[in-house]
Amino acid sequence: MNKYQYTVQGVDYDVEIEEVEGNLAKVKVNGIPFEVELKQPINAARAISKPKVAVPQPAAPAPRPAAAPAAAAPAPAAGGAGSPLKAPLPGTITSIAVKVGDKVNAGDTVLVLEAMKMQNNIEAEHTGTITSIAVNPGDSVMEGTVLLTIE
């Protein structure tokens with residue numbers, strides 16, 4: 001098992017490459033297991049010499065194509081400079097309690113993030129209107145990922 005430390009956009013990640021078979025790599029990012037599909041197969045020696053193929057970036061885009069609201073998200077966000085609500089820790093989105101256009105008050109639960117088998121209520125940081133939602137239930141997110149925007 002190879003271990004690496006990365007900083008991506010100011011966020012630190014501990015990456016463990018557990019196994020590489022063909023174009024699938026089993027990795028742990030900050031202790032969370034991911035199965036990463038590589039665009040082209042690599043051999044194990046090359047994986048060790050070029051670990052960039054196993055960093056979290058390939059895993060992060062996977063949920064986004066499946067995100068139906070992704071097409072609707074840019075339009076509201078382009079209309080104004082909202083305040084992004086970011087994931088405080090890595091985990092999986094289990095439910096979203098709001099939709100675009102909903103008005104929220106500071107402290108309202110807007111979604112639930114499961115991390116280390118615990119449900120974490122993610123609350124609005126200020127009063128406003130939801131202008132975009134960047135995630136769907138079931139999406140895996142890393143710390144610092146924008147979840148939604150409140151204007």
# chains A, B, ... in the order shown; residues from 1 in each chain; ligands from 1
$ residues_around --residues "A:Leu85" --least-positions-apart "5" --cutoff "6 Å" --atoms "only C-alpha atoms" --output "PyMOL selection string"
chain A and resi 146-149
$ write_last_selection --atoms "N, CA, C and O atoms" --output "CSV table (one decimal), in the first residue's frame"
chain,number,residue,atom,x,y,z
A,146,VAL,N,-18.4,22.6,-2.6
A,146,VAL,CA,-19.6,23.4,-2.5
A,146,VAL,C,-20.8,22.5,-2.6
A,146,VAL,O,-21.0,21.8,-3.5
A,147,LEU,N,-21.7,22.6,-1.6
A,147,LEU,CA,-22.9,21.8,-1.6
A,147,LEU,C,-24.1,22.6,-2.2
A,147,LEU,O,-24.9,22.0,-3.0
A,148,LEU,N,-24.3,23.8,-1.8
A,148,LEU,CA,-25.3,24.7,-2.4
A,148,LEU,C,-25.0,26.1,-2.2
A,148,LEU,O,-24.0,26.4,-1.5
A,149,THR,N,-25.7,27.0,-2.8
A,149,THR,CA,-25.5,28.4,-2.7
A,149,THR,C,-26.7,29.1,-2.1
A,149,THR,O,-27.8,28.8,-2.6
$ atom_distance --atom1 "atom CA of A:Asn105" --atom2 "atom CA of A:Ala124"
6.7 Å
$ atom_distance --atom1 "atom CA of A:Leu89" --atom2 "atom CA of A:Val20"
26.4 Å
$ residues_around --residues "A:Met142" --least-positions-apart "4" --cutoff "8 Å" --atoms "only C-alpha atoms" --output "number ranges by chain"
A: 87, 89-91
$ residues_around --residues "A:Ile130" --least-positions-apart "4" --cutoff "9 Å" --atoms "only C-alpha atoms" --output "CSV table (one decimal) with N, CA, C and O atoms, in the first residue's frame"
chain,number,residue,atom,x,y,z
A,82,GLY,N,-24.0,34.6,-4.8
A,82,GLY,CA,-24.4,34.0,-3.6
A,82,GLY,C,-23.3,33.5,-2.7
A,82,GLY,O,-22.1,33.6,-3.1
A,98,VAL,N,-34.0,21.0,1.0
A,98,VAL,CA,-34.4,22.3,0.4
A,98,VAL,C,-34.4,22.1,-1.1
A,98,VAL,O,-33.8,21.1,-1.6
A,99,LYS,N,-35.0,23.0,-1.8
A,99,LYS,CA,-34.9,23.0,-3.3
A,99,LYS,C,-34.6,24.5,-3.8
A,99,LYS,O,-34.7,25.4,-3.0
A,100,VAL,N,-34.1,24.6,-5.0
A,100,VAL,CA,-33.8,26.0,-5.5
A,100,VAL,C,-35.1,26.8,-5.4
A,100,VAL,O,-36.2,26.4,-5.7
A,101,GLY,N,-34.9,28.0,-4.8
A,101,GLY,CA,-36.0,29.0,-4.6
A,101,GLY,C,-36.5,29.0,-3.2
A,101,GLY,O,-37.2,30.0,-2.9
A,102,ASP,N,-36.2,28.0,-2.4
A,102,ASP,CA,-36.6,28.0,-1.0
A,102,ASP,C,-35.9,29.1,-0.2
A,102,ASP,O,-34.8,29.3,-0.4
A,103,LYS,N,-36.7,29.7,0.7
A,103,LYS,CA,-36.1,30.6,1.6
A,103,LYS,C,-35.7,29.9,2.9
A,103,LYS,O,-36.5,29.1,3.4
A,104,VAL,N,-34.5,30.2,3.4
A,104,VAL,CA,-34.0,29.6,4.6
A,104,VAL,C,-33.6,30.6,5.6
A,104,VAL,O,-33.2,31.7,5.2
A,148,LEU,N,-24.3,23.8,-1.8
A,148,LEU,CA,-25.3,24.7,-2.4
A,148,LEU,C,-25.0,26.1,-2.2
A,148,LEU,O,-24.0,26.4,-1.5
A,149,THR,N,-25.7,27.0,-2.8
A,149,THR,CA,-25.5,28.4,-2.7
A,149,THR,C,-26.7,29.1,-2.1
A,149,THR,O,-27.8,28.8,-2.6
A,150,ILE,N,-26.5,30.0,-1.2
A,150,ILE,CA,-27.6,30.8,-0.6
A,150,ILE,C,-27.3,32.3,-0.9
A,150,ILE,O,-26.2,32.8,-0.7
A,151,GLU,N,-28.3,33.0,-1.5
A,151,GLU,CA,-28.1,34.4,-1.8
A,151,GLU,C,-29.0,35.2,-0.9
A,151,GLU,O,-30.1,34.9,-0.5
